[in-house]
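One file, run-v3.csv, is given below (CSV, C-alpha atoms).
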```csv
chain,number,residue,atom,x,y,z
A,284,MET,CA,52.0,-70.8,-81.5
A,285,ALA,CA,51.6,-67.8,-83.9
A,286,ALA,CA,53.1,-64.5,-82.8
A,287,SER,CA,50.6,-61.9,-81.9
A,288,GLY,CA,50.5,-58.4,-83.5
A,289,LYS,CA,51.2,-57.3,-87.0
A,290,LEU,CA,54.3,-58.8,-88.7
A,291,GLY,CA,57.0,-56.3,-89.6
A,292,THR,CA,55.6,-53.5,-87.4
A,293,PHE,CA,58.5,-51.2,-86.5
A,294,ARG,CA,59.2,-50.0,-83.0
A,295,LEU,CA,62.0,-47.7,-81.9
A,296,PRO,CA,64.6,-49.3,-79.7
A,297,PRO,CA,65.2,-48.0,-76.1
A,298,LEU,CA,66.4,-44.4,-76.4
A,299,PRO,CA,67.2,-41.5,-74.0
A,300,THR,CA,64.1,-39.6,-72.9
A,301,ILE,CA,63.3,-36.3,-74.6
A,302,ARG,CA,64.2,-34.6,-71.3
A,303,GLU,CA,67.6,-36.4,-71.5
A,304,ILE,CA,68.1,-35.4,-75.1
A,305,ILE,CA,67.5,-31.7,-74.2
A,306,LYS,CA,70.0,-32.0,-71.4
A,307,LEU,CA,72.5,-34.0,-73.5
A,308,PHE,CA,72.6,-31.4,-76.3
A,309,GLY,CA,72.1,-28.4,-74.1
A,310,LEU,CA,68.8,-27.4,-75.8
A,311,ARG,CA,66.7,-24.4,-74.7
A,312,ALA,CA,63.5,-23.2,-76.2
A,313,ALA,CA,64.1,-20.0,-78.1
A,314,LYS,CA,61.6,-17.4,-76.8
A,315,GLN,CA,62.0,-15.3,-80.0
A,316,LEU,CA,60.9,-18.4,-82.0
A,317,SER,CA,58.0,-19.1,-79.6
A,318,GLN,CA,59.2,-22.6,-79.1
A,319,ASN,CA,57.6,-24.9,-76.5
A,320,PHE,CA,58.6,-28.6,-76.1
A,321,LEU,CA,56.1,-31.3,-75.4
A,322,LEU,CA,57.9,-33.9,-73.3
A,323,ASP,CA,55.0,-36.2,-72.3
A,324,LEU,CA,55.1,-39.2,-74.8
A,325,ARG,CA,51.5,-40.1,-73.7
A,326,LEU,CA,50.4,-36.7,-75.1
A,327,THR,CA,52.5,-37.0,-78.3
A,328,ASP,CA,51.1,-40.6,-78.8
A,329,LYS,CA,47.6,-39.1,-78.4
A,330,ILE,CA,48.2,-36.5,-81.1
A,331,VAL,CA,49.4,-39.2,-83.5
A,332,ARG,CA,46.5,-41.6,-82.5
A,333,LYS,CA,43.9,-38.8,-83.1
A,334,ALA,CA,45.4,-38.2,-86.6
A,335,GLY,CA,44.0,-41.6,-87.6
A,336,SER,CA,45.8,-44.7,-89.0
A,337,LEU,CA,49.2,-43.8,-90.3
A,338,ALA,CA,50.1,-47.3,-91.5
A,339,ASP,CA,52.1,-47.1,-94.7
A,340,VAL,CA,51.6,-43.3,-94.8
A,341,TYR,CA,54.2,-40.7,-95.8
A,342,VAL,CA,54.2,-38.2,-92.9
A,343,TYR,CA,55.5,-34.6,-93.2
A,344,GLU,CA,56.3,-33.2,-89.7
A,345,VAL,CA,56.9,-29.5,-89.3
A,346,GLY,CA,58.9,-28.1,-86.5
A,347,PRO,CA,59.9,-31.4,-84.8
A,348,GLY,CA,62.2,-29.7,-82.2
A,349,PRO,CA,63.7,-32.3,-79.9
A,350,GLY,CA,61.6,-35.1,-81.5
A,351,GLY,CA,58.8,-35.9,-79.1
A,352,ILE,CA,56.0,-36.2,-81.7
A,353,THR,CA,58.7,-37.6,-84.1
A,354,ARG,CA,59.1,-40.6,-81.9
A,355,SER,CA,55.3,-41.2,-81.7
A,356,ILE,CA,55.0,-41.0,-85.5
A,357,LEU,CA,57.9,-43.4,-86.0
A,358,ASN,CA,56.1,-45.9,-83.8
A,359,ALA,CA,52.9,-45.7,-85.9
A,360,ASP,CA,54.1,-48.1,-88.7
A,361,ILE,CA,54.5,-45.3,-91.2
A,362,ALA,CA,56.1,-45.7,-94.7
A,363,GLU,CA,58.4,-42.7,-94.2
A,364,LEU,CA,58.7,-39.6,-92.1
A,365,LEU,CA,60.1,-36.3,-93.5
A,366,VAL,CA,60.9,-33.6,-90.9
A,367,VAL,CA,61.8,-30.0,-91.7
A,368,GLU,CA,63.5,-28.2,-88.9
A,369,LYS,CA,64.8,-24.6,-89.1
A,370,ASP,CA,66.8,-24.6,-85.8
A,371,THR,CA,70.2,-26.4,-86.3
A,372,ARG,CA,70.4,-27.1,-82.6
A,373,PHE,CA,67.8,-29.9,-82.9
A,374,ILE,CA,69.5,-31.7,-85.9
A,375,PRO,CA,71.9,-33.9,-83.8
A,376,GLY,CA,69.0,-35.2,-81.6
A,377,LEU,CA,66.9,-35.9,-84.7
A,378,GLN,CA,69.9,-37.7,-86.3
A,379,MET,CA,70.0,-40.0,-83.3
A,380,LEU,CA,66.4,-40.9,-84.1
A,381,SER,CA,67.2,-41.4,-87.7
A,382,ASP,CA,70.0,-43.8,-86.8
A,383,ALA,CA,67.6,-45.7,-84.6
A,384,ALA,CA,65.0,-46.0,-87.5
A,385,PRO,CA,67.0,-46.8,-90.6
A,386,GLY,CA,65.3,-45.8,-93.8
A,387,LYS,CA,62.3,-44.3,-91.9
A,388,LEU,CA,63.3,-40.8,-91.1
A,389,ARG,CA,64.5,-38.1,-93.5
A,390,ILE,CA,65.8,-34.8,-92.0
A,391,VAL,CA,65.8,-31.5,-93.8
A,392,HIS,CA,67.4,-28.4,-92.3
A,393,GLY,CA,65.1,-25.7,-93.7
A,394,ASP,CA,62.2,-23.3,-93.3
A,395,VAL,CA,58.7,-24.8,-93.5
A,396,LEU,CA,57.4,-21.5,-94.9
A,397,THR,CA,59.7,-21.8,-98.0
A,398,TYR,CA,60.4,-25.6,-98.3
A,399,LYS,CA,59.2,-27.2,-101.5
A,400,ILE,CA,57.5,-30.5,-100.7
A,401,GLU,CA,56.1,-31.2,-104.2
A,402,LYS,CA,58.8,-33.7,-105.1
A,403,ALA,CA,59.5,-35.0,-101.6
A,404,PHE,CA,57.4,-38.2,-101.9
A,405,PRO,CA,56.9,-40.8,-104.6
A,406,ASP,CA,54.7,-39.8,-107.6
A,407,ASN,CA,52.8,-43.1,-107.3
A,408,ILE,CA,51.1,-42.0,-104.1
A,409,ARG,CA,49.3,-39.1,-105.8
A,410,ARG,CA,45.5,-39.2,-106.0
A,411,GLN,CA,42.9,-37.3,-108.0
A,412,TRP,CA,41.3,-34.5,-106.0
A,413,GLU,CA,37.9,-36.2,-106.1
A,414,ASP,CA,39.4,-39.5,-104.8
A,415,ASP,CA,40.0,-40.6,-101.3
A,416,PRO,CA,42.9,-38.7,-99.6
A,417,PRO,CA,46.4,-39.8,-100.4
A,418,ASN,CA,48.7,-41.7,-98.0
A,419,VAL,CA,50.2,-38.4,-97.0
A,420,HIS,CA,49.7,-36.6,-93.6
A,421,ILE,CA,51.0,-33.3,-92.2
A,422,ILE,CA,51.6,-33.3,-88.5
A,423,GLY,CA,53.2,-30.6,-86.4
A,424,ASN,CA,53.5,-28.9,-83.0
A,425,LEU,CA,53.7,-25.4,-84.6
A,426,PRO,CA,55.5,-22.5,-83.0
A,427,PHE,CA,52.9,-19.9,-82.2
A,428,SER,CA,54.8,-17.3,-84.3
A,429,VAL,CA,54.4,-19.2,-87.6
A,430,SER,CA,51.1,-21.0,-87.1
A,431,THR,CA,48.7,-18.5,-88.6
A,432,PRO,CA,50.9,-17.5,-91.6
A,433,LEU,CA,51.6,-21.1,-92.2
A,434,ILE,CA,48.0,-22.3,-92.2
A,435,ILE,CA,47.0,-19.4,-94.5
A,436,LYS,CA,49.8,-20.4,-96.8
A,437,TRP,CA,48.5,-24.0,-96.8
A,438,LEU,CA,44.9,-23.0,-97.3
A,439,GLU,CA,46.0,-21.1,-100.4
A,440,ASN,CA,47.9,-24.2,-101.5
A,441,ILE,CA,44.7,-26.2,-101.1
A,442,SER,CA,42.8,-23.7,-103.3
A,443,LEU,CA,45.5,-24.0,-106.0
A,444,LYS,CA,46.1,-27.8,-105.4
A,445,ASN,CA,49.8,-27.3,-105.1
A,446,GLY,CA,52.5,-27.5,-102.3
A,447,PRO,CA,51.6,-30.4,-100.0
A,448,PHE,CA,48.3,-30.8,-101.9
A,449,VAL,CA,49.8,-31.9,-105.3
A,450,TYR,CA,49.4,-35.4,-103.8
A,451,GLY,CA,45.6,-34.9,-103.4
A,452,ARG,CA,43.5,-33.9,-100.3
A,453,THR,CA,46.4,-34.2,-97.8
A,454,LYS,CA,45.1,-34.4,-94.2
A,455,MET,CA,46.6,-32.1,-91.5
A,456,THR,CA,46.8,-32.6,-87.7
A,457,LEU,CA,48.3,-29.5,-86.1
A,458,THR,CA,48.7,-27.7,-82.8
A,459,PHE,CA,47.7,-24.0,-82.3
A,460,GLN,CA,47.2,-21.6,-79.5
A,461,LYS,CA,43.8,-22.6,-78.0
A,462,GLU,CA,42.4,-19.2,-79.1
A,463,VAL,CA,43.5,-19.8,-82.7
A,464,ALA,CA,42.1,-23.4,-82.6
A,465,GLU,CA,38.8,-22.0,-81.5
A,466,ARG,CA,38.8,-19.4,-84.3
A,467,LEU,CA,39.4,-22.2,-86.9
A,468,VAL,CA,36.3,-24.1,-85.8
A,469,ALA,CA,34.1,-21.1,-84.8
A,470,THR,CA,30.5,-21.3,-86.0
A,471,THR,CA,28.3,-18.4,-87.3
A,472,GLY,CA,27.4,-16.1,-84.4
A,473,SER,CA,30.3,-17.2,-82.2
A,474,LYS,CA,32.4,-14.6,-80.5
A,475,GLN,CA,35.5,-16.4,-81.9
A,476,ARG,CA,34.2,-16.2,-85.5
A,477,SER,CA,37.0,-14.5,-87.5
A,478,ARG,CA,38.8,-14.3,-90.9
A,479,LEU,CA,40.5,-17.6,-90.0
A,480,SER,CA,37.1,-19.3,-89.5
A,481,ILE,CA,35.9,-18.4,-93.0
A,482,MET,CA,39.2,-19.1,-94.8
A,483,ALA,CA,39.6,-22.5,-93.2
A,484,GLN,CA,36.0,-23.7,-93.4
A,485,TYR,CA,35.3,-22.7,-97.0
A,486,LEU,CA,38.1,-25.1,-98.0
A,487,CYS,CA,38.2,-27.8,-95.3
A,488,ASN,CA,36.3,-29.8,-92.7
A,489,VAL,CA,37.9,-28.5,-89.5
A,490,GLU,CA,37.7,-30.3,-86.1
A,491,HIS,CA,39.1,-29.3,-82.8
A,492,LEU,CA,40.2,-32.7,-81.5
A,493,PHE,CA,41.3,-31.9,-77.9
A,494,THR,CA,43.1,-29.3,-75.8
A,495,ILE,CA,46.5,-29.8,-74.1
A,496,PRO,CA,47.0,-27.7,-70.9
A,497,GLY,CA,49.9,-25.2,-71.2
A,498,LYS,CA,51.6,-26.9,-68.1
A,499,ALA,CA,52.3,-29.9,-70.3
A,500,PHE,CA,54.9,-27.9,-72.3
A,501,VAL,CA,58.4,-26.7,-71.4
A,502,PRO,CA,58.7,-23.8,-71.0
A,503,LYS,CA,55.1,-23.4,-70.0
A,504,PRO,CA,53.2,-21.0,-72.4
A,505,GLU,CA,50.7,-18.6,-71.0
A,506,VAL,CA,47.9,-20.3,-73.0
A,507,ASP,CA,46.6,-23.8,-73.5
A,508,VAL,CA,47.1,-25.5,-76.9
A,509,GLY,CA,44.4,-26.9,-79.2
A,510,VAL,CA,45.0,-29.9,-81.6
A,511,VAL,CA,43.1,-29.4,-84.8
A,512,HIS,CA,42.4,-31.7,-87.7
A,513,LEU,CA,41.8,-30.3,-91.2
A,514,MET,CA,40.6,-32.3,-94.2
A,515,PRO,CA,40.4,-30.5,-97.6
A,516,LEU,CA,36.9,-30.5,-99.2
A,517,VAL,CA,36.4,-32.0,-102.7
A,518,GLN,CA,34.6,-28.8,-103.6
A,519,PRO,CA,35.2,-25.5,-101.9
A,520,LYS,CA,32.2,-23.8,-100.5
A,521,ILE,CA,33.2,-20.6,-102.3
A,522,LYS,CA,34.3,-21.1,-105.9
A,523,GLN,CA,36.3,-17.9,-106.4
A,524,PRO,CA,40.1,-17.3,-106.4
A,525,PHE,CA,41.7,-17.5,-102.9
A,526,LYS,CA,43.0,-13.9,-103.1
A,527,LEU,CA,39.5,-12.6,-103.9
A,528,VAL,CA,37.9,-14.5,-101.0
A,529,GLU,CA,40.7,-13.4,-98.7
A,530,LYS,CA,40.2,-9.7,-99.6
A,531,VAL,CA,36.5,-9.8,-99.0
A,532,VAL,CA,36.8,-11.6,-95.7
A,533,GLN,CA,39.7,-9.4,-94.5
A,534,ASN,CA,37.7,-6.2,-95.3
A,535,VAL,CA,34.6,-7.5,-93.5
A,536,PHE,CA,36.5,-8.5,-90.3
A,537,GLN,CA,38.7,-5.4,-90.0
A,538,PHE,CA,35.6,-3.7,-88.5
A,539,ARG,CA,34.3,-6.8,-86.6
A,540,ARG,CA,32.3,-4.7,-84.0
A,541,LYS,CA,30.6,-2.6,-86.7
A,542,TYR,CA,27.8,-3.5,-89.1
A,543,CYS,CA,29.1,-5.6,-92.1
A,544,HIS,CA,28.5,-2.7,-94.6
A,545,ARG,CA,31.3,-0.7,-92.9
A,546,GLY,CA,34.1,-3.2,-93.8
A,547,LEU,CA,32.6,-4.0,-97.2
A,548,GLY,CA,32.6,-0.4,-98.1
A,549,MET,CA,36.4,-0.4,-98.0
A,550,LEU,CA,36.4,-2.6,-101.1
A,551,PHE,CA,35.5,0.5,-103.1
A,552,PRO,CA,37.0,3.9,-103.9
A,553,GLU,CA,35.6,6.7,-101.8
A,554,ALA,CA,33.9,8.4,-104.7
A,555,GLN,CA,31.7,5.3,-105.4
A,556,ARG,CA,31.7,3.7,-102.0
A,557,LEU,CA,28.1,4.3,-100.9
A,558,GLU,CA,26.6,3.4,-104.2
A,559,SER,CA,28.8,0.3,-104.8
A,560,THR,CA,28.4,-1.0,-101.3
A,561,GLY,CA,24.7,-0.7,-101.5
A,562,ARG,CA,24.7,-2.6,-104.9
A,563,LEU,CA,26.9,-5.3,-103.5
A,564,LEU,CA,24.7,-5.9,-100.5
A,565,GLN,CA,21.5,-5.8,-102.6
A,566,LEU,CA,22.7,-8.2,-105.2
A,567,ALA,CA,24.1,-10.6,-102.6
A,568,ASP,CA,20.8,-10.3,-100.6
A,569,ILE,CA,22.7,-9.4,-97.3
A,570,ASP,CA,21.2,-7.4,-94.5
A,571,PRO,CA,23.7,-4.4,-94.1
A,572,THR,CA,23.2,-4.4,-90.3
A,573,LEU,CA,24.5,-7.9,-89.7
A,574,ARG,CA,27.7,-8.0,-87.7
A,575,PRO,CA,30.7,-9.8,-89.3
A,576,THR,CA,30.5,-12.7,-86.8
A,577,HIS,CA,26.9,-13.3,-87.9
A,578,LEU,CA,27.7,-13.8,-91.6
A,579,SER,CA,27.5,-17.5,-92.7
A,580,LEU,CA,29.6,-19.2,-95.3
A,581,MET,CA,26.7,-18.8,-97.7
A,582,HIS,CA,26.6,-15.1,-97.0
A,583,PHE,CA,30.3,-14.9,-97.9
A,584,LYS,CA,29.8,-17.0,-101.0
A,585,SER,CA,27.1,-14.5,-102.2
A,586,LEU,CA,29.3,-11.5,-101.4
A,587,CYS,CA,32.4,-13.1,-103.2
A,588,ASP,CA,30.3,-14.1,-106.3
A,589,VAL,CA,28.8,-10.5,-106.6
A,590,TYR,CA,32.2,-8.8,-105.9
A,591,ARG,CA,33.8,-11.0,-108.6
A,592,LYS,CA,31.1,-9.8,-111.1
A,593,MET,CA,31.8,-6.2,-110.1
A,594,CYS,CA,35.5,-6.7,-110.6
A,595,ASP,CA,34.9,-8.2,-114.1
A,596,GLU,CA,32.9,-5.1,-115.0
A,597,ASP,CA,35.7,-2.8,-113.6
A,598,PRO,CA,39.1,-4.5,-114.1
A,599,GLN,CA,40.8,-1.9,-111.8
A,600,LEU,CA,38.5,-2.6,-108.9
A,601,PHE,CA,40.3,-5.6,-107.5
A,602,ALA,CA,43.6,-3.7,-107.3
A,603,TYR,CA,42.0,-1.0,-105.2
A,604,ASN,CA,43.4,-0.6,-101.7
A,605,PHE,CA,41.6,1.9,-99.4
A,606,ARG,CA,44.8,2.3,-97.3
A,607,GLU,CA,46.7,3.5,-100.4
A,608,GLU,CA,43.9,6.0,-101.1
A,609,LEU,CA,44.1,7.3,-97.5
A,610,LYS,CA,47.9,7.7,-97.9
A,611,GLN,CA,47.5,9.6,-101.1
A,612,LYS,CA,45.0,11.9,-99.6
A,613,LYS,CA,47.2,12.6,-96.6
A,614,ARG,CA,50.2,13.2,-98.9
A,615,LYS,CA,48.2,15.7,-101.0
A,616,GLY,CA,47.0,17.4,-97.9
A,617,GLN,CA,50.6,17.8,-96.7
A,618,GLU,CA,51.7,19.1,-100.1
A,619,LYS,CA,48.8,21.6,-100.1
A,620,ASP,CA,49.8,22.8,-96.6
A,621,GLY,CA,53.4,23.2,-97.8
A,622,ASP,CA,52.3,25.2,-100.9
A,623,SER,CA,50.3,27.5,-98.6
A,624,GLU,CA,53.3,28.1,-96.3
A,625,SER,CA,55.6,28.9,-99.3
A,626,CYS,CA,53.1,31.5,-100.6
A,627,GLY,CA,53.2,33.2,-97.2
A,628,PHE,CA,49.7,32.3,-96.1
```
Encoded form (structure tokens):
Amino acid sequence: MAASGKLGTFRLPPLPTIREIIKLFGLRAAKQLSQNFLLDLRLTDKIVRKAGSLADVYVYEVGPGPGGITRSILNADIAELLVVEKDTRFIPGLQMLSDAAPGKLRIVHGDVLTYKIEKAFPDNIRRQWEDDPPNVHIIGNLPFSVSTPLIIKWLENISLKNGPFVYGRTKMTLTFQKEVAERLVATTGSKQRSRLSIMAQYLCNVEHLFTIPGKAFVPKPEVDVGVVHLMPLVQPKIKQPFKLVEKVVQNVFQFRRKYCHRGLGMLFPEAQRLESTGRLLQLADIDPTLRPTHLSLMHFKSLCDVYRKMCDEDPQLFAYNFREELKQKKRKGQEKDGDSESCGF
């Protein structure tokens, strides 16, 4: 009788539980690194299952910690798993997993914010951007302290097609604080609509897969955790440089409770602010009394396209920073006061 199941499917041998690994190596979550361990293998299996089929896929796991999600990935019939872990305390436990999965797990002691992944996987798995996604997937239970700067870094990588995206439109399945997960998927008009919503959605299809209650983690965080899937788009919804889009979006949302013209005005030097802001809004066909949360991706596309033209007309405009102008005014005011005092006034 033929054996059931897929031939050659790898399964980890019996191992100590994650709780036992933590005890064995005397591991504690570092509060300053905002670490929280997920010990329930049913939940780690669910994260991996929701990522989609990982058969013959090269997986890049960030922040594996004691190796909960790592185990679930290794049981998903992958081609290879690369883990990047900054905290040396977790390396021995991960090495135990590597010994149990010969040739499947590669461990790098390093910082995910600076690690160069461009040459980590074979060249033959690279795909053209317009093709189906490559057999590469990023998975991670991200520490809260690095989740936002890391996703912004990866979004810029997507726009430049470098970093993890030299292989093509690499998929990502990541955990975030629930509030951050909600911002990533927030629609026009939502209270959670933010800079992160626009930056993620103009470059990716973003889906909030499910929520994990905080009580499932050790130590228990004060918030629940959202699992989010991001798939880079073939064509970005705003075809302008990432830094330009980021500058427009940041300026709009820094005054999120005001009308949008308030933040947009900060793109321009004070002497020309009123005139230039009016021109930007008129050419982009935007109602100046819309709140930032009510601006759609198409609104931001129009604003970025017009702002780009204005920057082309005035090459010094993009470098303008309203905070620097404020600092200079304050410095001049202090110097003037100092001169008045020295003259005896």
Mind dumping a table of every region 498-570 of chain A residue within 10 Å of region 596-613 of chain A, with the nearest atom pair and its distance in Å to one decimal, using all atoms listed in the file, sorted by chain and rising number, as a Markdown table?
```
| residue | atom | partner | partner_atom | distance |
| --- | --- | --- | --- | --- |
| A:Lys526 | CA | A:Phe601 | CA | 9.8 |
| A:Leu527 | CA | A:Phe601 | CA | 7.9 |
| A:Lys530 | CA | A:Phe601 | CA | 8.9 |
| A:Asn534 | CA | A:Phe605 | CA | 9.9 |
| A:Gly548 | CA | A:Phe605 | CA | 9.4 |
| A:Met549 | CA | A:Phe605 | CA | 5.9 |
| A:Leu550 | CA | A:Phe605 | CA | 7.1 |
| A:Phe551 | CA | A:Tyr603 | CA | 7.0 |
| A:Pro552 | CA | A:Phe605 | CA | 6.7 |
| A:Glu553 | CA | A:Phe605 | CA | 8.0 |
```
Spatial neighbours of region 510-513 of chain A, 7 Å, only C-alpha atoms, chain gap at least 3 places, as JSON, numbers by chain: {"A": [454, 455, 456, 457, 458, 459, 464, 487, 488, 489, 490, 491, 492, 493, 494]}
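Considering the residues A:Leu564, A:Ile352, A:Cys594, A:Ile390 and counting only C-alpha atoms, His582 (chain A) has its shortest atom-to-atom contact with A:Leu564.
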What's around Glu529 (chain A) at 9 Å? Count all atoms listed in the file, leave out sequence neighbours fewer than 5 positions away in its own chain, and write the answer as a VMD selection string. chain A and resid 478 481 to 482 524 534
Do you know which residues are at most 9 Å from Leu486 (chain A) counting only C-alpha atoms, after dropping those on the same chain fewer than 6 positions away, and could you put them as a PDB file with C-alpha atoms, in the coordinates of the input?
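Contents of result_38.pdb, as written:
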```
ATOM      1  CA  LEU A 438      44.900 -23.000 -97.300  1.00  0.00           C
ATOM      2  CA  ILE A 441      44.700 -26.200-101.100  1.00  0.00           C
ATOM      3  CA  SER A 442      42.800 -23.700-103.300  1.00  0.00           C
ATOM      4  CA  MET A 514      40.600 -32.300 -94.200  1.00  0.00           C
ATOM      5  CA  PRO A 515      40.400 -30.500 -97.600  1.00  0.00           C
ATOM      6  CA  LEU A 516      36.900 -30.500 -99.200  1.00  0.00           C
ATOM      7  CA  VAL A 517      36.400 -32.000-102.700  1.00  0.00           C
ATOM      8  CA  GLN A 518      34.600 -28.800-103.600  1.00  0.00           C
ATOM      9  CA  PRO A 519      35.200 -25.500-101.900  1.00  0.00           C
ATOM     10  CA  LYS A 520      32.200 -23.800-100.500  1.00  0.00           C
ATOM     11  CA  ILE A 521      33.200 -20.600-102.300  1.00  0.00           C
TER      12      ILE A 521
END
```
Could you tell me how far CA of Arg332 (chain A) lies from CA of Phe293 (chain A), in Å and to one decimal?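 Computing it gives 15.9 Å between the two atoms.
Of the residues under consideration (A:Leu573, A:Gln475, A:Asn358, A:Phe448), A:Phe448 shows the shortest atom-to-atom contact distance to Lys399 (chain A) when counting only C-alpha atoms.
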Could you tell me how far CA of Ser336 (chain A) lies from CA of Phe427 (chain A), in Å and to one decimal? 26.7 Å
To one decimal place, how far is CA of Leu365 (chain A) from CA of Thr353 (chain A) in Å?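 One can read the CA of Leu365 (chain A) to CA of Thr353 (chain A) distance as 9.6 Å.
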Can you work out which one of A:Asp328, A:Asp323, A:Glu558, A:Asp339 has the shortest atom-to-atom distance to Thr292 (chain A), counting all atoms listed in the file?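 Among A:Asp328, A:Asp323, A:Glu558, A:Asp339, it is A:Asp339 that comes nearest to Thr292 (chain A).
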Using all atoms listed in the file, which residues sit within 10 Å of Pro504 (chain A) once same-chain residues fewer than 4 positions away are excluded, as a VMD selection string? chain A and resid 317 to 319 427 460 496 to 500 508
Might you pull out every residue within 10 Å of Arg294 (chain A), with all atoms listed in the file counted and same-chain residues fewer than 4 positions away left off, and present them as a list of chain:residue names?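 What passes the distance filter is A:Arg354, A:Ser355, A:Leu357, A:Asn358, A:Ala359, A:Asp360, A:Ala383, A:Ala384.
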Give me, as a Markdown table, each residue of region 361-382 of chain A that comes within 12 Å of region 416-421 of chain A, together with its shortest interatomic pair and the distance in Å at one decimal, counting all atoms listed in the file, with rows ordered by chain and rising residue number.
```
| residue | atom | partner | partner_atom | distance |
| --- | --- | --- | --- | --- |
| A:Ile361 | CA | A:Asn418 | CA | 9.6 |
| A:Ala362 | CA | A:Asn418 | CA | 9.0 |
| A:Glu363 | CA | A:Val419 | CA | 9.7 |
| A:Leu364 | CA | A:His420 | CA | 9.6 |
| A:Leu365 | CA | A:Ile421 | CA | 9.7 |
| A:Val366 | CA | A:Ile421 | CA | 10.0 |
| A:Val367 | CA | A:Ile421 | CA | 11.3 |
```
Of the candidates A:Leu467, A:Val449, A:Val342, A:Leu443, which one gets nearest to Ser430 (chain A) if we count all atoms listed in the file?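 Comparing A:Leu467, A:Val449, A:Val342, A:Leu443 against Ser430 (chain A), the winner is A:Leu467.
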Tell me which of A:Pro432, A:Pro385, A:Gly376, A:Gly472 sits closest to Leu298 (chain A), counting only C-alpha atoms.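 Ranked by minimum distance to Leu298 (chain A), first place goes to A:Gly376.
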